[in-house]
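Notes for the one structure printed next.
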Amino acid sequence: MSDLRVLQKTDVLHEARWWELEADGRVHCFLCPRHCRLRDGQAGFCFIRVNQHGRLYSLGYGAPAALQVDPIEKKPLNHFLPGTKVFSMGTAGCNMGCFFCQNWDISKSHQDQVNSQHVSPEDVPLLAQKYGCDSIAFTYNEPTIWGEYVIDICKAAKRAGLKTVMVTNGYITREAFHDIYDHVDAANVDLKAFTEKFYGKITLTHLEPVLEMLQWLKAETKVWLEITNLMIPTLNDDPAETRKLAEWIGSNLGPDVPLHFTAFHPDFKLQDKPKTPAETLHKARAIAREVGLHYVYEGNIFSDGGNTSCPECGAVLIRRSWHEVLENRLRDGKCVDCGERIEGVWDGGRVTVGEG
């Protein structure tokens with residue numbers, strides 16, 4: 001938690017959800033598992049949720065710090081509208097403290113430290129359509145902490161016929177989960193490691209809430225799910241840990257959830273670690289496929305590990321170079337060679353293995 005250096009006026013602030021006033025005058029924010037309890041004038045760990053005169057406000061509502069058009073593969077999502085553009089946006093702040101954050105310039109900033117602009121929820125789909133995007137992504141920093149804005153954008157996006165995407169660390173409470181994710185079409189969740197030691201020391205959070213969130217997402221929603229594991233040399237790249245992570249995904253989420261192993265580059269507080277060797281990703285991918293996962297990808301390197309192949313016959317169905325789709329041989333969500341259904345969201349419609 002931190003004290004804000006400059007508080008905006010109450011009449012320009014948006015009142016937050018997921019809070020309660022405690023007997024001692026502090027505000028309890030229960031949006032994420034940190035459960036910050038804030039004195040008057042104090043902001044939470046995320047920097048953008050603040051107690052002002054006994055009420056909780058969201059400084060991030062309607063105030064994006066980053067707006068950009070990306071390929072959907074950059075999120076990364078390989079089984080969700082491949083080859084399309086996504087309108088990407090983020091605010092200041094984050095509810096994790098990752099030492100390796102690659103968007104630290106906004107995620108580690110207070111709202112008054114970034115060049116934000118006012119964009120209403122209704123204007124976001126208009127901007128997305130203007131730039132030829134089929135979806136809107138909440139990304140760059142942790143979108144959970146501006147969940148009120150996310151929900152209102154999702155409602156406007158649905159009216160405009162656009163899909164919505166969360167790129168998230170998965171650190172959210174049960175109380176807020178359905179409020180947000182019942183409006184979302186797809187999510188890529190960063191499963192940053194598979195040890196509590198890593199989460200505690202390197203992200204300043206805990207592993208178990210993220211695993212619980214992944215299970216809720218798979219079992220209780222229609223959200224298309226993919227997972228990313230950023231592999232950092234000496235910290236979370238041990239093959240035994242990779243095997244446990246992949247086995248957990250297979251057992252708890254199923255073999256058709258795509259898993260992306262991505263390469264680390266030195267940034268923020270982890271300047272002393274080297275770039276991830278390509279061989280580390282190759283080995284991780286081989287392990288995950290060996291334990292039975294059907295769709296395993298490599299990211300942030302040039303390799304054929306970005307291609308989508310049929311798990312039944314092995315045919316390459318979507319060929320990619322970095323974030324660019326070079327060829328898409330899927331037909332109605334099926335392998336053109338053997339007819340196997342490929343799990344994903346293709347051309348706006350969900351295709352699930354086993355459907356008639």
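Going by the structure tokens order, chains are called A, B, ..., each with residues numbered from 1, while ligands are numbered from 1 in the order shown.
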Env of Ser88 of chain A: 9 Å cut, atoms = only C-alpha atoms, seq-sep filter 3 positions within chain, self excluded. Answer as a ChimeraX atom specification.
/A:66-70,128,135-140
Selected residues, N, CA and C atoms, written as a CSV table (one decimal), in the first residue's frame, please.
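Output contents, as saved in again_5.csv:
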```
chain,number,residue,atom,x,y,z
A,66,ALA,N,-2.0,3.4,-22.1
A,66,ALA,CA,-1.4,2.8,-23.3
A,66,ALA,C,-2.6,2.4,-24.2
A,67,LEU,N,-2.5,2.7,-25.5
A,67,LEU,CA,-3.5,2.3,-26.5
A,67,LEU,C,-2.7,1.9,-27.8
A,68,GLN,N,-3.0,0.7,-28.3
A,68,GLN,CA,-2.2,0.2,-29.4
A,68,GLN,C,-3.0,-0.9,-30.2
A,69,VAL,N,-2.7,-1.0,-31.4
A,69,VAL,CA,-3.3,-2.1,-32.2
A,69,VAL,C,-2.2,-3.2,-32.4
A,70,ASP,N,-2.5,-4.4,-32.0
A,70,ASP,CA,-1.6,-5.5,-32.0
A,70,ASP,C,-2.2,-6.7,-32.8
A,128,ALA,N,-11.7,0.7,-31.7
A,128,ALA,CA,-11.3,-0.6,-32.2
A,128,ALA,C,-11.8,-0.8,-33.6
A,135,SER,N,-11.4,-7.4,-31.9
A,135,SER,CA,-11.5,-7.6,-30.5
A,135,SER,C,-10.8,-6.5,-29.7
A,136,ILE,N,-11.0,-6.5,-28.4
A,136,ILE,CA,-10.4,-5.5,-27.5
A,136,ILE,C,-9.6,-6.3,-26.4
A,137,ALA,N,-8.4,-5.9,-26.2
A,137,ALA,CA,-7.6,-6.6,-25.1
A,137,ALA,C,-7.3,-5.7,-24.0
A,138,PHE,N,-7.5,-6.2,-22.8
A,138,PHE,CA,-7.1,-5.5,-21.6
A,138,PHE,C,-5.8,-6.1,-21.2
A,139,THR,N,-4.7,-5.3,-21.3
A,139,THR,CA,-3.4,-5.8,-21.3
A,139,THR,C,-2.3,-4.8,-20.8
A,140,TYR,N,-1.1,-5.1,-20.9
A,140,TYR,CA,0.1,-4.2,-20.6
A,140,TYR,C,0.3,-4.1,-19.1
```
As a PyMOL selection string, please: all residues of segment 122-343 of chain A that backbone DSSP puts in helix (DSSP H, G or I).
chain A and resi 123-130+143-159+174-181+196-203+208-220+239-252+278-290+304-306
Test item: residues at most 7 Å from segment 146-156 of chain A, only C-alpha atoms, excluding those fewer than 4 positions along its chain, as JSON, numbers by chain
{"A": [16, 17, 58, 60, 61, 62, 121, 122, 124, 125, 160, 164, 180, 183, 184]}
Give me the residues within 6 Å of Ile232 of chain A as a VMD selection string, counting only C-alpha atoms and dropping any in the same chain fewer than 2 places off.
chain A and resid 235 to 236 264
Go ahead and save the residues from that selection, with C-alpha atoms, as a tab-separated table (two decimals), in the first residue's frame.
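Done, and the output landed in part_30.tsv:
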```tsv
chain	number	residue	atom	x	y	z
A	235	LEU	CA	14.55	-19.14	-11.51
A	236	ASN	CA	11.76	-21.21	-13.09
A	264	PHE	CA	12.79	-13.78	-21.02
```
Choose the residue, out of A:Gly306, A:Gly314, A:Gly333, A:Pro143, that has the smallest atom-to-atom separation from Gly170 of chain A; count only C-alpha atoms.
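Closest to Gly170 of chain A, using only C-alpha atoms: A:Pro143.
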Would you pick out the contacts of Asn188 of chain A at 9 Å or less, using only C-alpha atoms, so that residues sharing its chain but fewer than 4 positions from it are not included, and give the list as a list in words?
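Here the qualifying residues turn out to be Lys75, Pro76, Leu77, Val165, Met166, Val167, Thr168, Asn169, Trp224, Leu225, Glu226, Ile227 and Thr228 of chain A.
Minimum distance to Val27 of chain A across A:Arg49, A:Lys197, A:Arg329, A:Arg55 (counting only C-alpha atoms) occurs at A:Arg55.
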Could you work out how far atom CA of Asn95 of chain A lies from atom CA of Glu142 of chain A, giving the answer in Å with one decimal?
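Computed distance, atom CA of Glu142 of chain A to atom CA of Asn95 of chain A, equals 6.9 Å.
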Test item: residues at most 9 Å from Thr173 of chain A, only C-alpha atoms, excluding those fewer than 6 positions along its chain, as a PyMOL selection string
chain A and resi 30-33+209+213
Create the file for the chosen residues now, containing all heavy atoms and written as a short mmCIF file (atom, residue, chain, number, x, y, z; two decimals), in the first residue's frame.
```cif
data_model
loop_
_atom_site.label_atom_id
_atom_site.label_comp_id
_atom_site.auth_asym_id
_atom_site.auth_seq_id
_atom_site.Cartn_x
_atom_site.Cartn_y
_atom_site.Cartn_z
N PHE A 30 -11.51 -5.95 -1.58
CA PHE A 30 -11.42 -7.40 -1.75
C PHE A 30 -11.49 -7.80 -3.22
O PHE A 30 -11.96 -8.88 -3.57
CB PHE A 30 -12.48 -8.13 -0.91
CG PHE A 30 -13.89 -7.65 -1.08
CD1 PHE A 30 -14.70 -8.14 -2.10
CD2 PHE A 30 -14.43 -6.71 -0.20
CE1 PHE A 30 -16.01 -7.72 -2.24
CE2 PHE A 30 -15.74 -6.28 -0.34
CZ PHE A 30 -16.53 -6.79 -1.37
N LEU A 31 -10.97 -6.96 -4.09
CA LEU A 31 -10.88 -7.28 -5.52
C LEU A 31 -9.85 -8.36 -5.77
O LEU A 31 -10.05 -9.25 -6.60
CB LEU A 31 -10.54 -6.02 -6.32
CG LEU A 31 -10.19 -6.19 -7.80
CD1 LEU A 31 -11.31 -6.86 -8.57
CD2 LEU A 31 -9.83 -4.84 -8.41
N CYS A 32 -8.71 -8.30 -5.09
CA CYS A 32 -7.66 -9.30 -5.30
C CYS A 32 -7.23 -9.88 -3.96
O CYS A 32 -7.59 -9.37 -2.90
CB CYS A 32 -6.48 -8.70 -6.07
SG CYS A 32 -5.14 -8.00 -5.08
N PRO A 33 -6.48 -10.98 -3.97
CA PRO A 33 -6.13 -11.67 -2.72
C PRO A 33 -5.24 -10.88 -1.77
O PRO A 33 -4.96 -11.37 -0.67
CB PRO A 33 -5.41 -12.93 -3.22
CG PRO A 33 -5.98 -13.19 -4.57
CD PRO A 33 -6.16 -11.82 -5.16
N PRO A 209 -3.69 -18.93 -5.28
CA PRO A 209 -4.83 -18.19 -5.84
C PRO A 209 -4.87 -18.19 -7.37
O PRO A 209 -5.96 -18.17 -7.96
CB PRO A 209 -4.63 -16.77 -5.30
CG PRO A 209 -3.86 -16.96 -4.04
CD PRO A 209 -2.92 -18.09 -4.33
N MET A 213 -7.88 -19.70 -9.67
CA MET A 213 -8.53 -18.90 -10.70
C MET A 213 -8.58 -19.64 -12.03
O MET A 213 -9.57 -19.61 -12.75
CB MET A 213 -7.78 -17.57 -10.85
CG MET A 213 -8.35 -16.63 -11.88
SD MET A 213 -7.65 -16.89 -13.54
CE MET A 213 -8.30 -15.43 -14.37
#
```
Contacts of Lys222 of chain A at 10 Å or less, counting only C-alpha atoms, minus same-chain residues fewer than 4 places along, as a list of chain:residue names?
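Listed by chain and then number, they are A:Tyr181, A:Asp182, A:His183, A:Val184, A:Asp185, A:Ala186, A:Leu217, A:Lys218, A:Arg350.
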Resulting file, chosen residues, C-alpha atoms, as a compact mmCIF listing (two decimals), in the first residue's frame:
```txt
# COMPACT_ATOMS: atom_id res chain seq x y z
CA TYR A 181 -15.13 -12.89 -16.41
CA ASP A 182 -18.78 -13.45 -17.22
CA HIS A 183 -18.35 -10.57 -19.69
CA VAL A 184 -15.04 -11.72 -21.25
CA ASP A 185 -14.55 -13.90 -24.35
CA ALA A 186 -10.90 -14.99 -24.00
CA LEU A 217 -12.05 -20.12 -15.52
CA LYS A 218 -12.08 -23.56 -17.10
CA ARG A 350 -16.33 -21.75 -30.55
```
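For the atom pair formed by atom CA of Ala176 of chain A and atom CA of Ala63 of chain A, the distance is 21.0 Å, given to one decimal.
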note - atom CA of Leu293 of chain A and atom CA of Pro255 of chain A are separated by 4.4 Å
